[in-house]
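Okay, upload-v4.txt is below, compact mmCIF, C-alpha atoms and all ligand atoms:
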# COMPACT_ATOMS: atom_id res chain seq x y z
CA MET A 67 0.00 0.00 0.00
CA LYS A 68 1.18 3.58 -0.66
CA THR A 69 0.02 6.85 0.82
CA GLN A 70 1.32 10.37 1.21
CA VAL A 71 1.31 10.55 5.03
CA ALA A 72 1.32 7.53 7.33
CA ILE A 73 -0.11 8.57 10.72
CA ILE A 74 0.77 6.41 13.72
CA GLY A 75 -1.87 6.80 16.41
CA GLY A 76 -5.63 7.34 16.30
CA GLY A 77 -5.93 9.75 19.22
CA PRO A 78 -6.75 13.45 18.90
CA SER A 79 -3.41 14.36 17.27
CA GLY A 80 -3.53 11.71 14.57
CA LEU A 81 -7.21 12.15 13.81
CA LEU A 82 -7.06 15.95 13.65
CA LEU A 83 -4.05 15.83 11.33
CA ALA A 84 -5.74 13.24 9.10
CA GLN A 85 -8.90 15.33 8.81
CA LEU A 86 -7.08 18.59 8.08
CA LEU A 87 -4.94 16.89 5.41
CA HIS A 88 -8.02 15.27 3.90
CA LYS A 89 -9.68 18.70 3.53
CA ARG A 90 -6.69 19.71 1.39
CA GLY A 91 -6.72 16.55 -0.70
CA ILE A 92 -3.68 15.00 0.97
CA GLU A 93 -4.00 11.25 1.53
CA SER A 94 -3.16 9.56 4.80
CA ILE A 95 -3.74 6.32 6.63
CA VAL A 96 -4.18 6.16 10.40
CA LEU A 97 -2.77 3.17 12.29
CA GLU A 98 -4.22 2.70 15.79
CA ARG A 99 -3.06 0.06 18.27
CA LYS A 100 -6.36 -0.18 20.14
CA THR A 101 -10.01 -0.29 19.15
CA LYS A 102 -12.11 2.82 18.55
CA ALA A 103 -14.18 1.99 21.65
CA TYR A 104 -11.02 1.78 23.77
CA VAL A 105 -9.76 5.13 22.51
CA LEU A 106 -13.15 6.75 23.18
CA GLY A 107 -13.22 5.21 26.66
CA ARG A 108 -10.32 7.36 27.82
CA ILE A 109 -11.37 10.16 30.22
CA ARG A 110 -9.30 13.28 29.53
CA ALA A 111 -9.44 17.03 30.12
CA GLY A 112 -12.05 19.26 28.56
CA VAL A 113 -10.82 22.82 27.96
CA LEU A 114 -10.18 23.86 24.36
CA GLU A 115 -7.97 26.86 23.55
CA ARG A 116 -8.85 29.37 20.86
CA GLY A 117 -6.34 27.86 18.42
CA LEU A 118 -7.89 24.41 18.66
CA LEU A 119 -11.39 25.86 18.20
CA GLU A 120 -10.21 27.48 14.94
CA LEU A 121 -8.56 24.25 13.78
CA MET A 122 -11.70 22.23 14.51
CA ARG A 123 -13.71 24.71 12.42
CA GLU A 124 -11.12 24.61 9.61
CA ALA A 125 -11.30 20.83 9.73
CA GLY A 126 -15.08 20.96 9.40
CA VAL A 127 -15.71 19.07 12.64
CA SER A 128 -16.92 21.85 14.93
CA ALA A 129 -20.72 21.67 14.53
CA ARG A 130 -21.41 19.62 17.68
CA MET A 131 -18.68 21.42 19.62
CA ASP A 132 -20.19 24.81 18.78
CA LYS A 133 -23.66 23.49 19.66
CA GLU A 134 -22.93 21.53 22.83
CA GLY A 135 -19.71 23.11 24.12
CA TYR A 136 -19.72 25.70 26.87
CA VAL A 137 -17.99 29.01 26.24
CA HIS A 138 -16.13 30.09 29.37
CA HIS A 139 -15.04 33.71 29.69
CA GLY A 140 -13.20 33.20 32.96
CA ALA A 141 -12.18 30.83 35.73
CA LEU A 142 -12.06 31.06 39.53
CA ILE A 143 -8.89 30.74 41.57
CA SER A 144 -9.22 30.08 45.28
CA TYR A 145 -6.75 29.83 48.14
CA GLY A 146 -8.30 28.80 51.44
CA ASP A 147 -11.59 30.68 51.64
CA GLU A 148 -10.29 33.50 49.40
CA MET A 149 -11.34 33.44 45.75
CA PHE A 150 -11.04 35.69 42.69
CA ARG A 151 -12.00 35.45 39.05
CA LEU A 152 -9.60 35.52 36.13
CA ASN A 153 -11.48 37.21 33.30
CA PHE A 154 -10.09 35.76 30.06
CA THR A 155 -12.18 37.85 27.71
CA GLU A 156 -11.49 41.15 29.45
CA HIS A 157 -7.72 40.57 29.31
CA THR A 158 -7.37 38.84 25.94
CA GLY A 159 -10.58 39.22 23.96
CA HIS A 160 -10.76 35.43 23.83
CA ALA A 161 -12.68 32.75 25.70
CA VAL A 162 -12.13 28.99 25.97
CA MET A 163 -14.57 26.17 25.22
CA VAL A 164 -15.39 23.46 27.76
CA TYR A 165 -16.00 20.35 25.65
CA GLY A 166 -14.69 16.91 26.61
CA GLN A 167 -11.64 15.60 24.76
CA THR A 168 -13.59 12.37 24.34
CA GLU A 169 -16.18 14.35 22.36
CA VAL A 170 -13.46 15.95 20.24
CA THR A 171 -12.12 12.48 19.46
CA ARG A 172 -15.61 11.18 18.76
CA ASP A 173 -16.25 14.01 16.30
CA LEU A 174 -12.92 13.33 14.59
CA TYR A 175 -13.69 9.62 14.25
CA ALA A 176 -17.06 10.48 12.73
CA ALA A 177 -15.35 12.77 10.21
CA ARG A 178 -12.78 10.08 9.33
CA GLU A 179 -15.52 7.55 8.72
CA GLN A 180 -17.49 10.06 6.66
CA SER A 181 -14.44 10.88 4.54
CA GLY A 182 -13.76 7.20 3.91
CA GLY A 183 -10.13 7.82 4.82
CA PRO A 184 -8.42 4.54 5.80
CA ILE A 185 -7.89 3.77 9.48
CA GLU A 186 -6.66 0.46 10.84
CA PHE A 187 -7.38 -0.66 14.41
CA ASN A 188 -5.69 -3.30 16.53
CA VAL A 189 -2.41 -2.88 14.69
CA GLU A 190 0.65 -4.52 16.22
CA ASN A 191 4.40 -4.36 15.91
CA VAL A 192 4.46 -1.04 14.08
CA VAL A 193 7.95 -0.26 12.80
CA ILE A 194 8.90 2.99 11.10
CA ASN A 195 11.59 2.15 8.55
CA ASP A 196 14.05 4.40 6.68
CA ALA A 197 12.64 7.54 8.29
CA ASP A 198 15.96 9.26 7.51
CA THR A 199 15.58 8.65 3.77
CA ASP A 200 13.26 10.07 1.09
CA ALA A 201 11.39 6.73 0.98
CA PRO A 202 10.23 5.83 4.46
CA PHE A 203 7.88 2.93 4.99
CA VAL A 204 5.88 1.54 7.87
CA THR A 205 5.49 -2.16 8.58
CA TYR A 206 2.96 -3.60 11.00
CA GLU A 207 0.69 -6.55 11.61
CA VAL A 208 -3.06 -6.74 11.86
CA ALA A 209 -4.88 -10.00 12.64
CA GLY A 210 -1.57 -11.78 12.24
CA GLU A 211 -1.07 -10.50 8.68
CA SER A 212 2.05 -8.48 7.90
CA ARG A 213 1.47 -5.19 6.08
CA ARG A 214 3.66 -2.46 4.58
CA ILE A 215 2.84 1.16 3.78
CA ASP A 216 5.20 3.15 1.55
CA CYS A 217 4.78 6.87 2.19
CA ASP A 218 6.30 10.31 1.76
CA PHE A 219 6.10 11.22 5.45
CA VAL A 220 5.33 9.62 8.82
CA ALA A 221 3.46 11.52 11.56
CA GLY A 222 4.24 10.06 14.98
CA CYS A 223 0.99 10.74 16.85
CA ASP A 224 1.21 7.64 19.04
CA GLY A 225 1.46 9.25 22.45
CA PHE A 226 3.97 8.94 25.26
CA HIS A 227 4.18 5.15 25.07
CA GLY A 228 4.31 4.90 21.29
CA VAL A 229 7.09 3.78 18.95
CA SER A 230 7.65 7.05 17.08
CA ARG A 231 9.82 8.83 19.65
CA GLN A 232 11.88 5.65 20.09
CA THR A 233 12.53 5.61 16.32
CA ILE A 234 14.70 8.70 16.67
CA PRO A 235 18.19 7.36 17.54
CA PRO A 236 19.13 7.84 21.21
CA ASP A 237 22.24 9.78 20.22
CA VAL A 238 20.04 12.23 18.30
CA ARG A 239 17.32 12.62 20.93
CA ARG A 240 17.51 14.88 23.97
CA GLU A 241 14.85 14.39 26.64
CA TYR A 242 13.88 16.73 29.48
CA GLU A 243 11.68 15.52 32.34
CA LYS A 244 10.26 16.60 35.66
CA VAL A 245 8.13 14.13 37.66
CA TYR A 246 5.90 15.76 40.30
CA PRO A 247 5.72 14.15 43.77
CA PHE A 248 1.94 13.81 43.70
CA GLY A 249 -0.94 12.77 41.44
CA TRP A 250 -4.53 13.79 40.72
CA LEU A 251 -7.41 11.65 41.94
CA GLY A 252 -10.26 12.42 39.55
CA ILE A 253 -13.92 11.46 39.54
CA LEU A 254 -16.84 11.90 37.18
CA SER A 255 -20.28 12.24 38.77
CA GLU A 256 -23.72 12.76 37.26
CA THR A 257 -24.30 15.84 39.41
CA PRO A 258 -24.62 19.54 38.56
CA PRO A 259 -21.28 21.39 38.67
CA VAL A 260 -20.61 23.28 41.91
CA ASN A 261 -20.06 26.45 39.86
CA HIS A 262 -20.74 27.40 36.24
CA GLU A 263 -17.03 28.18 35.86
CA LEU A 264 -13.97 26.09 36.76
CA ILE A 265 -12.52 26.50 40.24
CA TYR A 266 -8.76 25.97 40.61
CA ALA A 267 -8.29 25.66 44.37
CA THR A 268 -5.31 25.42 46.67
CA SER A 269 -5.43 24.96 50.43
CA ASP A 270 -3.24 23.73 53.25
CA ARG A 271 -4.57 20.27 52.39
CA GLY A 272 -3.53 20.48 48.73
CA PHE A 273 -4.89 21.25 45.28
CA ALA A 274 -8.41 20.66 43.99
CA LEU A 275 -10.15 21.38 40.68
CA CYS A 276 -13.87 21.67 40.04
CA SER A 277 -14.72 21.19 36.36
CA MET A 278 -17.59 19.88 34.29
CA ARG A 279 -18.72 18.22 31.04
CA ASN A 280 -22.36 19.46 31.03
CA GLU A 281 -25.11 20.68 33.37
CA ASN A 282 -25.37 17.24 34.91
CA LEU A 283 -21.91 15.78 34.55
CA SER A 284 -19.17 17.12 36.79
CA ARG A 285 -15.44 16.40 36.85
CA TYR A 286 -13.54 16.89 40.11
CA TYR A 287 -9.90 16.33 41.07
CA ILE A 288 -7.96 16.42 44.31
CA GLN A 289 -4.19 16.23 44.64
CA CYS A 290 -3.14 12.92 46.19
CA SER A 291 0.12 11.21 47.07
CA LEU A 292 1.69 8.80 44.61
CA ASP A 293 1.31 5.80 46.90
CA GLU A 294 -2.47 6.09 46.97
CA LYS A 295 -4.84 4.01 44.85
CA ALA A 296 -8.24 5.10 43.52
CA GLU A 297 -9.87 2.14 45.26
CA ASP A 298 -8.52 3.46 48.58
CA TRP A 299 -10.99 6.33 48.29
CA THR A 300 -14.68 5.93 48.95
CA ASP A 301 -16.91 8.48 47.26
CA GLU A 302 -17.77 9.87 50.68
CA ALA A 303 -14.10 10.37 51.56
CA PHE A 304 -13.52 12.09 48.22
CA TRP A 305 -16.41 14.51 48.67
CA ASP A 306 -15.38 15.31 52.25
CA GLU A 307 -11.82 16.08 51.15
CA LEU A 308 -12.93 18.16 48.19
CA LYS A 309 -15.18 20.27 50.44
CA ARG A 310 -12.19 20.98 52.70
CA ARG A 311 -10.09 22.27 49.82
CA ILE A 312 -12.54 24.71 48.20
CA PRO A 313 -13.98 27.89 49.78
CA ALA A 314 -16.69 27.17 52.36
CA ASP A 315 -19.32 29.11 50.44
CA GLN A 316 -18.64 26.91 47.40
CA ALA A 317 -18.53 23.71 49.44
CA ARG A 318 -22.02 24.49 50.72
CA ASN A 319 -23.29 24.37 47.12
CA LEU A 320 -21.55 21.12 46.23
CA VAL A 321 -23.98 18.46 45.07
CA THR A 322 -22.46 15.04 45.71
CA GLY A 323 -23.37 11.72 44.18
CA PRO A 324 -21.93 8.34 43.18
CA SER A 325 -18.77 8.43 41.07
CA ILE A 326 -19.12 6.86 37.62
CA GLU A 327 -15.38 7.00 37.04
CA LYS A 328 -12.53 7.27 39.51
CA SER A 329 -8.82 7.21 38.64
CA ILE A 330 -5.44 8.60 39.62
CA ALA A 331 -3.15 10.26 37.08
CA PRO A 332 0.51 11.05 37.74
CA LEU A 333 1.87 14.49 36.83
CA ARG A 334 4.87 14.92 34.60
CA SER A 335 6.57 17.57 32.45
CA PHE A 336 8.42 16.03 29.51
CA VAL A 337 9.88 17.24 26.21
CA THR A 338 11.78 15.44 23.45
CA GLU A 339 14.04 17.36 21.09
CA PRO A 340 14.09 17.32 18.10
CA MET A 341 10.49 16.64 17.05
CA ARG A 342 11.63 15.64 13.58
CA TRP A 343 14.00 13.02 12.23
CA GLY A 344 14.18 12.87 8.45
CA ARG A 345 10.65 12.23 7.21
CA LEU A 346 9.30 11.40 10.70
CA PHE A 347 7.51 14.18 12.61
CA LEU A 348 6.39 13.81 16.24
CA CYS A 349 3.10 15.41 17.34
CA GLY A 350 1.40 15.69 20.72
CA ASP A 351 2.09 13.33 23.59
CA ALA A 352 4.62 11.44 21.46
CA ALA A 353 6.88 14.47 21.90
CA HIS A 354 5.81 16.15 25.14
CA ILE A 355 3.73 15.86 28.28
CA VAL A 356 2.44 18.60 30.57
CA PRO A 357 0.85 18.38 34.04
CA PRO A 358 -2.93 18.81 33.50
CA THR A 359 -3.13 21.96 35.66
CA GLY A 360 -3.23 24.27 32.66
CA ALA A 361 -5.34 21.93 30.50
CA LYS A 362 -2.63 22.08 27.83
CA GLY A 363 -2.16 18.45 26.71
CA LEU A 364 -4.69 18.33 23.89
CA ASN A 365 -4.18 21.99 23.07
CA THR A 366 -0.43 21.62 22.59
CA ALA A 367 -0.99 18.54 20.46
CA ALA A 368 -3.23 20.77 18.33
CA SER A 369 -0.52 23.41 17.91
CA ASP A 370 1.93 20.73 16.73
CA VAL A 371 -0.69 19.48 14.27
CA ASN A 372 -1.25 23.03 13.04
CA TYR A 373 2.44 23.52 12.18
CA LEU A 374 2.85 20.08 10.59
CA TYR A 375 -0.38 20.37 8.60
CA ARG A 376 0.61 23.74 7.14
CA GLY A 377 4.13 22.53 6.39
CA LEU A 378 2.83 19.45 4.55
CA CYS A 379 0.29 21.52 2.60
CA ALA A 380 3.06 23.89 1.49
CA PHE A 381 5.18 20.91 0.39
CA TYR A 382 2.43 19.27 -1.66
CA GLU A 383 0.93 22.48 -3.02
CA THR A 384 4.04 24.53 -3.78
CA GLY A 385 7.03 22.21 -3.33
CA SER A 386 8.31 24.40 -0.52
CA THR A 387 9.99 22.52 2.34
CA ASP A 388 10.20 25.61 4.56
CA GLY A 389 7.31 24.52 6.81
CA ILE A 390 8.52 20.98 7.37
CA ASP A 391 12.14 22.09 7.71
CA SER A 392 11.20 24.59 10.45
CA TYR A 393 8.60 22.32 12.09
CA SER A 394 10.65 21.07 15.01
CA GLN A 395 12.06 24.48 15.90
CA THR A 396 8.70 26.25 15.52
CA ALA A 397 6.71 23.62 17.43
CA LEU A 398 9.26 23.42 20.25
CA ALA A 399 9.33 27.21 20.67
CA ARG A 400 5.63 27.09 21.62
CA VAL A 401 5.90 23.74 23.48
CA TRP A 402 8.47 25.18 25.89
CA LYS A 403 6.29 28.23 26.62
CA VAL A 404 3.39 25.91 27.42
CA GLU A 405 5.63 23.69 29.55
CA ARG A 406 6.64 26.79 31.50
CA PHE A 407 3.03 27.89 32.08
CA SER A 408 1.92 24.39 33.13
CA TRP A 409 4.92 24.04 35.45
CA TRP A 410 4.36 27.52 36.92
CA PHE A 411 0.64 26.97 37.57
CA SER A 412 1.29 23.49 39.03
CA SER A 413 4.05 24.85 41.29
CA LEU A 414 1.77 27.65 42.45
CA MET A 415 -1.27 25.55 43.28
CA HIS A 416 0.02 22.28 44.75
CA GLN A 417 1.41 21.31 48.15
CA PHE A 418 4.92 19.84 47.78
CA PRO A 419 5.99 17.24 50.37
CA ASP A 420 9.32 18.95 51.01
CA GLN A 421 8.16 22.55 50.91
CA THR A 422 8.87 24.81 53.88
CA ASP A 423 6.54 27.31 55.58
CA PHE A 424 8.40 30.01 53.70
CA ASP A 425 7.65 28.25 50.39
CA ARG A 426 3.96 28.19 51.31
CA LYS A 427 4.08 31.91 52.10
CA MET A 428 5.59 32.54 48.68
CA GLN A 429 2.70 30.67 47.03
CA TRP A 430 0.17 32.70 49.00
CA ALA A 431 1.97 35.97 48.19
CA GLU A 432 2.02 35.12 44.49
CA LEU A 433 -1.71 34.43 44.56
CA GLU A 434 -2.34 37.72 46.34
CA PHE A 435 -0.19 39.50 43.75
CA LEU A 436 -2.05 37.75 40.91
CA ARG A 437 -5.36 38.76 42.48
CA ALA A 438 -4.37 42.44 42.69
CA ASN A 439 -2.23 42.96 39.61
CA ASP A 440 -3.75 43.52 36.19
CA ALA A 441 -0.54 42.76 34.31
CA ALA A 442 -0.12 39.46 36.14
CA GLN A 443 -3.70 38.50 35.32
CA GLN A 444 -3.18 39.54 31.71
CA ALA A 445 -0.15 37.26 31.44
CA MET A 446 -1.98 34.33 32.99
CA ALA A 447 -5.08 34.84 30.84
CA GLU A 448 -2.99 34.98 27.64
CA ASN A 449 -1.43 31.64 28.53
CA TYR A 450 -4.69 30.04 29.57
CA VAL A 451 -6.71 30.95 26.45
CA GLY A 452 -3.76 29.86 24.32
CA LEU A 453 -0.67 31.58 22.99
CA PRO A 454 -0.84 32.44 19.29
CA TYR A 455 0.33 29.78 16.81
N1 LIG B 1 0.91 1.89 17.08
C1 LIG B 1 -0.31 2.46 16.83
N2 LIG B 1 -0.97 3.25 17.69
C2 LIG B 1 -0.36 3.48 18.87
C3 LIG B 1 0.90 2.94 19.22
C4 LIG B 1 1.54 2.11 18.25
N3 LIG B 1 2.73 1.57 18.50
N4 LIG B 1 1.22 3.36 20.47
C5 LIG B 1 0.20 4.14 20.89
N5 LIG B 1 -0.75 4.21 19.95
C6 LIG B 1 -2.02 4.94 19.99
C7 LIG B 1 -2.70 4.94 21.35
O1 LIG B 1 -3.52 3.80 21.51
C8 LIG B 1 -3.49 6.24 21.31
O2 LIG B 1 -4.81 6.02 20.84
O3 LIG B 1 -1.73 6.32 19.75
C9 LIG B 1 -2.74 7.13 20.32
C10 LIG B 1 -2.09 8.31 21.02
O4 LIG B 1 -3.13 9.15 21.51
P1 LIG B 1 -2.90 10.06 22.83
O5 LIG B 1 -2.09 9.30 23.82
O6 LIG B 1 -4.24 10.58 23.22
O7 LIG B 1 -1.97 11.25 22.33
P2 LIG B 1 -2.33 12.46 21.36
O8 LIG B 1 -3.18 12.02 20.23
O9 LIG B 1 -1.04 13.15 21.11
O10 LIG B 1 -3.27 13.41 22.22
C11 LIG B 1 -2.73 14.18 23.24
O11 LIG B 1 -4.55 13.28 24.44
O12 LIG B 1 -4.11 11.51 25.85
C12 LIG B 1 -4.34 12.85 25.80
O13 LIG B 1 -3.21 13.81 27.64
C13 LIG B 1 -3.18 13.66 26.27
O14 LIG B 1 -4.43 15.62 26.15
C14 LIG B 1 -3.39 14.90 25.53
C15 LIG B 1 -3.84 14.46 24.20
C1 LIG B 2 -11.17 18.65 33.08
O1 LIG B 2 -12.30 19.14 32.91
O2 LIG B 2 -10.94 17.42 33.08
C2 LIG B 2 -10.00 19.59 33.29
C3 LIG B 2 -10.20 20.96 33.17
C4 LIG B 2 -9.14 21.83 33.37
C5 LIG B 2 -7.89 21.33 33.69
C6 LIG B 2 -7.68 19.95 33.81
C7 LIG B 2 -8.74 19.08 33.61
O3 LIG B 2 -6.86 22.20 33.90
Could I get this structure in the form of C-alpha cells?
Amino acid sequence: MKTQVAIIGGGPSGLLLAQLLHKRGIESIVLERKTKAYVLGRIRAGVLERGLLELMREAGVSARMDKEGYVHHGALISYGDEMFRLNFTEHTGHAVMVYGQTEVTRDLYAAREQSGGPIEFNVENVVINDADTDAPFVTYEVAGESRRIDCDFVAGCDGFHGVSRQTIPPDVRREYEKVYPFGWLGILSETPPVNHELIYATSDRGFALCSMRNENLSRYYIQCSLDEKAEDWTDEAFWDELKRRIPADQARNLVTGPSIEKSIAPLRSFVTEPMRWGRLFLCGDAAHIVPPTGAKGLNTAASDVNYLYRGLCAFYETGSTDGIDSYSQTALARVWKVERFSWWFSSLMHQFPDQTDFDRKMQWAELEFLRANDAAQQAMAENYVGLPY
C-alpha cells in the first residue's frame, strides 16, 4: 500500500491531522493500536484553547462542539476561603470552550468515517523504517497478517508510550523531564457542577479542581500522594476532602453523588528534542507531556498538528519545504512556553511534600499579587486561552 502521510496513532493528534490533510486533498492512513471503543473510553481534560477551536472549524468538525460546548469567559482561583475570578475575555478578547476531549475524538472519528479515509485498528508491531531517507515505509501486523505502507512522510501521533519517539536514535534525541511528587485523583459524577465556571483551588490540604462536562456531569480532582490508589478512596471520603479544599461558600453548594469513574493520574513535564527526524515528525504526547493543571495536553498537540499540517500543505501544493524544515524548531518554541506555564501553575497551586513554611508563604503571596495585579492576570489569561500559533 502507498500513501502520502502515514499517521501512527488514532488519538486526537492523529485524527485531527488526518482530517485537516483530507480537507486539502492530501492522503493519509491512520494506524491505531487499540479499538475505537477503547480510545473513546479514555477520560481526559475538557478545555479547548482558541487555536484548537479554529482548527476544529477549519477541519469541518466543529458543529457539535459549537452546539454543545460551553464558552467560558473566565475561571475562579481560590486559596483557602479566598477566591477571585480571572477574566479571560477582558484581558485577551478570547474565551475557551469546555468540551470533553472524548467528544473531540468522537467528532474526529465520525469525520474520518465520513471521509472514507483509511484507518486500521488493533495494529501490532508497528515499525517505522528508513525515516531518515526520502522513501520511508511503515510495517505492522493486523490480525496476524504483515502489512507495509510506503509513504512520503510519517506523523508520529502515538502518544507517550508509542514507537515514534523511540525511532529517533538515542544519540540524536535529547529528553527533558520533571516528575511531580503527587498525582490527581479524579472522579466523574452525574451531578450539577458546583459552579458554572472552573474553580482551581489550593489549600493547606492540597490542590483541587472543580470542572464539568455538562449541566449534569461534573469532573472533580484532588491532589493525592503517589502511593495512593483510587480504590482506597470511597466516594464519601472524596467529597469530604474536596469540600475541605474549596472555599466554604462553594462547598455548601456542592452536590455530591456516586462516582461513575474514579482514577489517579501522575503528573509529569516532559519534552523530546528534536520533534523531527528525516521524514518522521512527532506530534502531541509522542513528543511532550504537561501536568494537567493548565489543561494544555490536547491543546499543545493541536498546535503541533497546526504547524505540521501547514508545512505538509506547502510541500504538496508549492514544493516548498520551509514549513517541514522549520517544524521542530517552531513547534518546540511554543511547546516550551506551554511547559513553562503548566509548570508555573502546578508549582503555584500544589502542596509539595518537602516545601517549607516560607515556600507556602511565597505561594500565598504570588496568589495575592495575581489577584491584585492587572498585568499578572493579563499574562496568565494569555497563557490560559492559548498563545498564538
Ligand atoms: N501503534 C499504533 N498506535 C499506537 C501505538 C503504536 N505503536 N502506540 C500508541 N498508539 C495509539 C494509542 O492507543 C493512542 O490512541 O496512539 C494514540 C495516542 O493518543 P494520545 O495518547 O491521546 O496522544 P495524542 O493524540 O497526542 O493526544 C494528546 O490526548 O491523551 C491525551 O493527555 C493527552 O491531552 C493529551 C492528548
Ligand atoms: C477537566 O475538565 O478534566 C480539566 C479541566 C481543566 C484542567 C484539567 C482538567 O486544567
key: Residues within 7 Å of ligand LIG 1 (chain B), counting only C-alpha atoms and all ligand atoms, as a count of residues only   = 33
request  = Would you please work out which residue, of A:His354, A:Lys133, A:Arg213, A:Arg108, is nearest to ligand LIG 2 (chain B) when using all atoms listed in the file?
outcome  = A:Arg108
task = Grab me every residue within 6 Å of ligand LIG 2 (chain B), counting only C-alpha atoms and all ligand atoms, and send it over as a count of residues only.
result = 11
inquiry  = Given only C-alpha atoms as the basis, pick out the residue of A:Ile194, A:Glu302, A:Glu179, A:Glu448 nearest to Ala221 (chain A).
reply    = A:Ile194
query = Within 9 Å of Asp200 (chain A), counting all atoms listed in the file, which residues qualify if same-chain residues fewer than 2 places away don't, as a list in words?
reply = Asp196, Ala197, Asp198, Pro202, Asp218, Phe219, Gly344 and Arg345 of chain A
request  = Using only C-alpha atoms, find all polymer residues with an atom at most 12 Å away from the point (-1.3, 7.2, -0.1); report them as number ranges by chain.
outcome  = A: 67-73, 84, 87-88, 91-96, 183-184, 203, 214-220
ask   = Counting all atoms listed in the file, which of A:Leu374, A:Val356, A:Leu114, A:Ala129 gets nearest to Thr387 (chain A)?
value = A:Leu374
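Considering all atoms listed in the file, the residue among A:Glu243, A:Asp391, A:Glu281, A:Asp132 positioned nearest to Ser335 (chain A) is A:Glu243.
CA of Arg239 (chain A) is found 22.3 Å from CA of Ala368 (chain A).
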Go through region 189-279 of chain A and flag each residue having an atom no more than 10 Å from region 395-418 of chain A; for those, report the closest pair of atoms plus their distance in Å to one decimal, using only C-alpha atoms, ordered by chain and rising number, as a tab-separated table.
residue	atom	partner	partner_atom	distance
A:Lys244	CA	A:Trp409	CA	9.2
A:Tyr246	CA	A:Phe418	CA	8.6
A:Pro247	CA	A:Phe418	CA	7.0
A:Phe248	CA	A:Phe418	CA	7.9
A:Tyr266	CA	A:Met415	CA	8.0
A:Ala267	CA	A:Met415	CA	7.1
A:Thr268	CA	A:Met415	CA	5.3
A:Ser269	CA	A:Gln417	CA	8.1
A:Asp270	CA	A:Gln417	CA	7.3
A:Arg271	CA	A:Gln417	CA	7.4
A:Gly272	CA	A:Gln417	CA	5.0
A:Phe273	CA	A:His416	CA	5.0
A:Ala274	CA	A:His416	CA	8.6
Nearest-residue call for Glu307 (chain A), choices A:Cys290, A:Leu264, A:Val162, A:Leu119, using all atoms listed in the file = A:Cys290
request  = Select all residues near (-13.3, 16.0, 48.2) (cut-off 10 Å, inclusive, file coordinates), counting all atoms listed in the file, and output them as a PyMOL selection string.
outcome  = chain A and resi 251-253+274-276+286-289+299+301-312+317+320+322
